[in-house]
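Have a look at structure.cif; it's mmCIF, C-alpha atoms:
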data_start
#
loop_
_atom_site.label_atom_id
_atom_site.label_comp_id
_atom_site.auth_asym_id
_atom_site.auth_seq_id
_atom_site.Cartn_x
_atom_site.Cartn_y
_atom_site.Cartn_z
CA MET U 1 -8.04 -2.98 -0.70
CA ILE U 2 -9.43 -1.42 -3.85
CA ASP U 3 -9.49 -3.66 -6.94
CA CYS U 4 -9.39 -1.43 -10.03
CA GLU U 5 -8.16 -4.16 -12.36
CA GLY U 6 -10.84 -6.82 -12.12
CA ALA U 7 -8.34 -9.66 -12.12
CA PRO U 8 -9.91 -12.85 -10.70
CA PHE U 9 -6.90 -13.63 -8.49
CA ILE U 10 -7.30 -10.40 -6.48
CA THR U 11 -10.34 -11.64 -4.57
CA LYS U 12 -8.51 -14.85 -3.65
CA GLU U 13 -5.40 -12.89 -2.61
CA PHE U 14 -7.58 -10.68 -0.44
CA MET U 15 -9.34 -13.62 1.22
CA ASP U 16 -6.02 -15.41 1.83
CA ASN U 17 -4.22 -12.39 3.32
CA ASP U 18 -6.80 -10.02 4.75
CA LYS U 19 -7.07 -8.97 8.37
CA VAL U 20 -10.17 -9.06 10.54
CA LEU U 21 -12.67 -6.36 9.53
CA SER U 22 -10.94 -5.73 6.18
CA LYS U 23 -12.75 -4.35 3.13
CA LEU U 24 -12.39 -5.22 -0.54
CA ILE U 25 -13.86 -2.66 -2.91
CA ILE U 26 -14.24 -3.87 -6.50
CA VAL U 27 -14.74 -1.16 -9.12
CA LEU U 28 -13.89 -3.08 -12.28
CA ILE U 29 -14.93 -6.59 -13.19
CA ASN U 30 -13.51 -9.42 -15.19
CA MET U 31 -16.31 -11.69 -16.33
CA SER U 32 -14.50 -14.79 -14.98
CA ALA U 33 -16.20 -16.54 -12.09
CA VAL U 34 -14.63 -16.11 -8.66
CA THR U 35 -15.22 -18.53 -5.78
CA VAL U 36 -15.61 -17.05 -2.31
CA ASN U 37 -15.76 -19.26 0.76
CA PRO U 38 -18.41 -17.73 3.06
CA PHE U 39 -16.52 -19.08 6.09
CA TYR U 40 -13.89 -16.36 5.61
CA LEU U 41 -16.55 -13.66 5.41
CA LEU U 42 -17.92 -14.76 8.75
CA ALA U 43 -14.69 -15.68 10.53
CA LYS U 44 -12.85 -12.49 9.60
CA GLU U 45 -15.94 -10.24 9.39
CA VAL U 46 -14.78 -8.81 6.06
CA GLU U 47 -16.77 -6.73 3.60
CA LEU U 48 -16.87 -7.23 -0.16
CA ILE U 49 -18.18 -4.10 -1.84
CA GLY U 50 -18.98 -3.82 -5.54
CA SER U 51 -19.56 -0.69 -7.59
CA ARG U 52 -20.79 -0.35 -11.15
CA GLY U 53 -18.94 2.93 -11.56
CA TYR U 54 -17.23 5.62 -9.59
CA THR U 55 -16.53 9.33 -9.62
CA PRO U 56 -13.34 11.09 -8.49
CA GLU U 57 -15.16 11.95 -5.26
CA ASP U 58 -15.96 8.26 -4.70
CA THR U 59 -12.29 7.38 -5.18
CA LEU U 60 -11.17 9.99 -2.64
CA LEU U 61 -13.80 8.80 -0.17
CA ALA U 62 -12.65 5.18 -0.59
CA ILE U 63 -9.03 6.17 0.04
CA GLU U 64 -10.00 8.24 3.08
CA THR U 65 -12.07 5.34 4.43
CA ILE U 66 -9.16 2.95 4.08
CA ASN U 67 -6.79 5.42 5.73
CA ASP U 68 -9.21 5.96 8.62
CA ASP U 69 -9.26 2.21 9.36
CA ASN U 70 -5.45 2.01 9.68
#
Once more with this new file: its structure as structure tokens, please.
Amino acid sequence: MIDCEGAPFITKEFMDNDKVLSKLIIVLINMSAVTVNPFYLLAKEVELIGSRGYTPEDTLLAIETINDDN
């Protein structure tokens, strides 16, 4: 999942509905605090990836990476 909105509920939605070995890529941030339960990171072996900015090439690579995992 790629979060390009920065809405605080997206991280919770991801943690509630993700599959094992899922990835959440956050490229925009809302300054609201988000709580993440580390149990889910361990139990589902998910990755949370943050980026301070991105280029068109980065976006294409992220989409290709997601497609390769399906």
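Omitting segment 44-46 of chain U and its sequence neighbours fewer than 5 positions away, and counting only C-alpha atoms, the residues within 12 Å are Met1, Thr11, Phe14, Met15, Asp16, Asn17, Asp18, Lys19, Val20, Leu21, Ser22, Lys23, Leu24, Ile25, Val36, Asn37, Pro38 and Phe39 of chain U.
Minimum atom-to-atom distances from U:Pro56, U:Lys12, U:Ala62, U:Gly50 to Val27 of chain U were compared using all atoms listed in the file, and the lowest value belongs to U:Gly50.
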Separation of atom CA of Ala7 of chain U from atom CA of Met31 of chain U in Å: 9.2 Å
Nearest to Thr59 of chain U, chosen from U:Val34, U:Phe9, U:Ile26, U:Glu47, with only C-alpha atoms counted in the distances: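 Of all the options, U:Ile26 lies closest to Thr59 of chain U.
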Atom CA of Glu57 of chain U to atom CA of Ser32 of chain U, distance in Å rounded to a single decimal: 28.5 Å
Report, as lines of an AutoDock Vina configuration file, the axis-aligned box around all atoms of segment 40-57 of chain U present in the file, extended by 5 Å on each side; give centre and edge lengths in Å to one decimal place.
center_x = -16.8
center_y = -2.2
center_z = -0.5
size_x = 17.9
size_y = 38.3
size_z = 32.1
Could you add whatever atoms are missing so that segment 22-54 of chain U carries N, CA and C atoms, then write the result as an mmCIF file, keeping the file's coordinate frame?
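Saved to result10.cif:
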data_model
loop_
_atom_site.group_PDB
_atom_site.id
_atom_site.type_symbol
_atom_site.label_atom_id
_atom_site.label_comp_id
_atom_site.auth_asym_id
_atom_site.auth_seq_id
_atom_site.Cartn_x
_atom_site.Cartn_y
_atom_site.Cartn_z
ATOM 1 N N SER U 22 -11.455 -6.330 7.413
ATOM 2 C CA SER U 22 -10.940 -5.730 6.180
ATOM 3 C C SER U 22 -12.080 -5.472 5.196
ATOM 4 N N LYS U 23 -11.782 -4.650 4.181
ATOM 5 C CA LYS U 23 -12.750 -4.350 3.130
ATOM 6 C C LYS U 23 -12.089 -4.525 1.784
ATOM 7 N N LEU U 24 -12.812 -5.137 0.852
ATOM 8 C CA LEU U 24 -12.390 -5.220 -0.540
ATOM 9 C C LEU U 24 -13.422 -4.478 -1.365
ATOM 10 N N ILE U 25 -12.974 -3.456 -2.070
ATOM 11 C CA ILE U 25 -13.860 -2.660 -2.910
ATOM 12 C C ILE U 25 -13.503 -2.975 -4.361
ATOM 13 N N ILE U 26 -14.465 -3.474 -5.116
ATOM 14 C CA ILE U 26 -14.240 -3.870 -6.500
ATOM 15 C C ILE U 26 -14.939 -2.858 -7.414
ATOM 16 N N VAL U 27 -14.151 -2.174 -8.251
ATOM 17 C CA VAL U 27 -14.740 -1.160 -9.120
ATOM 18 C C VAL U 27 -14.586 -1.483 -10.601
ATOM 19 N N LEU U 28 -13.996 -2.615 -10.900
ATOM 20 C CA LEU U 28 -13.890 -3.080 -12.280
ATOM 21 C C LEU U 28 -14.054 -4.590 -12.235
ATOM 22 N N ILE U 29 -14.654 -5.154 -13.240
ATOM 23 C CA ILE U 29 -14.930 -6.590 -13.190
ATOM 24 C C ILE U 29 -14.382 -7.302 -14.402
ATOM 25 N N ASN U 30 -13.876 -8.466 -14.155
ATOM 26 C CA ASN U 30 -13.510 -9.420 -15.190
ATOM 27 C C ASN U 30 -14.640 -10.430 -15.173
ATOM 28 N N MET U 31 -15.129 -10.826 -16.289
ATOM 29 C CA MET U 31 -16.310 -11.690 -16.330
ATOM 30 C C MET U 31 -16.034 -13.133 -15.917
ATOM 31 N N SER U 32 -14.822 -13.445 -15.478
ATOM 32 C CA SER U 32 -14.500 -14.790 -14.980
ATOM 33 C C SER U 32 -15.155 -15.000 -13.622
ATOM 34 N N ALA U 33 -15.602 -16.214 -13.380
ATOM 35 C CA ALA U 33 -16.200 -16.540 -12.090
ATOM 36 C C ALA U 33 -15.134 -16.553 -10.996
ATOM 37 N N VAL U 34 -15.517 -16.119 -9.812
ATOM 38 C CA VAL U 34 -14.630 -16.110 -8.660
ATOM 39 C C VAL U 34 -15.340 -16.846 -7.531
ATOM 40 N N THR U 35 -14.647 -17.779 -6.895
ATOM 41 C CA THR U 35 -15.220 -18.530 -5.780
ATOM 42 C C THR U 35 -14.843 -17.859 -4.468
ATOM 43 N N VAL U 36 -15.842 -17.635 -3.632
ATOM 44 C CA VAL U 36 -15.610 -17.050 -2.310
ATOM 45 C C VAL U 36 -16.164 -18.014 -1.271
ATOM 46 N N ASN U 37 -15.327 -18.391 -0.319
ATOM 47 C CA ASN U 37 -15.760 -19.260 0.760
ATOM 48 C C ASN U 37 -16.421 -18.401 1.844
ATOM 49 N N PRO U 38 -17.716 -18.571 2.085
ATOM 50 C CA PRO U 38 -18.410 -17.730 3.060
ATOM 51 C C PRO U 38 -17.845 -17.855 4.474
ATOM 52 N N PHE U 39 -17.134 -18.937 4.766
ATOM 53 C CA PHE U 39 -16.520 -19.080 6.090
ATOM 54 C C PHE U 39 -15.614 -17.895 6.391
ATOM 55 N N TYR U 40 -14.823 -17.471 5.391
ATOM 56 C CA TYR U 40 -13.890 -16.360 5.610
ATOM 57 C C TYR U 40 -14.628 -15.047 5.847
ATOM 58 N N LEU U 41 -15.753 -14.868 5.175
ATOM 59 C CA LEU U 41 -16.550 -13.660 5.410
ATOM 60 C C LEU U 41 -17.011 -13.588 6.848
ATOM 61 N N LEU U 42 -17.428 -14.727 7.372
ATOM 62 C CA LEU U 42 -17.920 -14.760 8.750
ATOM 63 C C LEU U 42 -16.785 -14.726 9.767
ATOM 64 N N ALA U 43 -15.771 -15.559 9.554
ATOM 65 C CA ALA U 43 -14.690 -15.680 10.530
ATOM 66 C C ALA U 43 -13.885 -14.391 10.667
ATOM 67 N N LYS U 44 -13.663 -13.710 9.557
ATOM 68 C CA LYS U 44 -12.850 -12.490 9.600
ATOM 69 C C LYS U 44 -13.700 -11.220 9.568
ATOM 70 N N GLU U 45 -15.014 -11.375 9.442
ATOM 71 C CA GLU U 45 -15.940 -10.240 9.390
ATOM 72 C C GLU U 45 -15.517 -9.220 8.344
ATOM 73 N N VAL U 46 -15.199 -9.699 7.138
ATOM 74 C CA VAL U 46 -14.780 -8.810 6.060
ATOM 75 C C VAL U 46 -15.971 -8.320 5.256
ATOM 76 N N GLU U 47 -15.745 -7.271 4.489
ATOM 77 C CA GLU U 47 -16.770 -6.730 3.600
ATOM 78 C C GLU U 47 -16.266 -6.806 2.167
ATOM 79 N N LEU U 48 -17.119 -7.286 1.280
ATOM 80 C CA LEU U 48 -16.870 -7.230 -0.160
ATOM 81 C C LEU U 48 -17.847 -6.223 -0.718
ATOM 82 N N ILE U 49 -17.336 -5.178 -1.356
ATOM 83 C CA ILE U 49 -18.180 -4.100 -1.840
ATOM 84 C C ILE U 49 -17.986 -3.972 -3.347
ATOM 85 N N GLY U 50 -19.063 -3.983 -4.092
ATOM 86 C CA GLY U 50 -18.980 -3.820 -5.540
ATOM 87 C C GLY U 50 -19.557 -2.481 -5.960
ATOM 88 N N SER U 51 -19.075 -1.961 -7.066
ATOM 89 C CA SER U 51 -19.560 -0.690 -7.590
ATOM 90 C C SER U 51 -19.621 -0.782 -9.109
ATOM 91 N N ARG U 52 -20.673 -0.308 -9.701
ATOM 92 C CA ARG U 52 -20.790 -0.350 -11.150
ATOM 93 C C ARG U 52 -20.085 0.812 -11.820
ATOM 94 N N GLY U 53 -19.667 1.766 -11.045
ATOM 95 C CA GLY U 53 -18.940 2.930 -11.560
ATOM 96 C C GLY U 53 -18.532 3.809 -10.403
ATOM 97 N N TYR U 54 -17.674 4.749 -10.664
ATOM 98 C CA TYR U 54 -17.230 5.620 -9.590
ATOM 99 C C TYR U 54 -16.830 6.975 -10.136
#
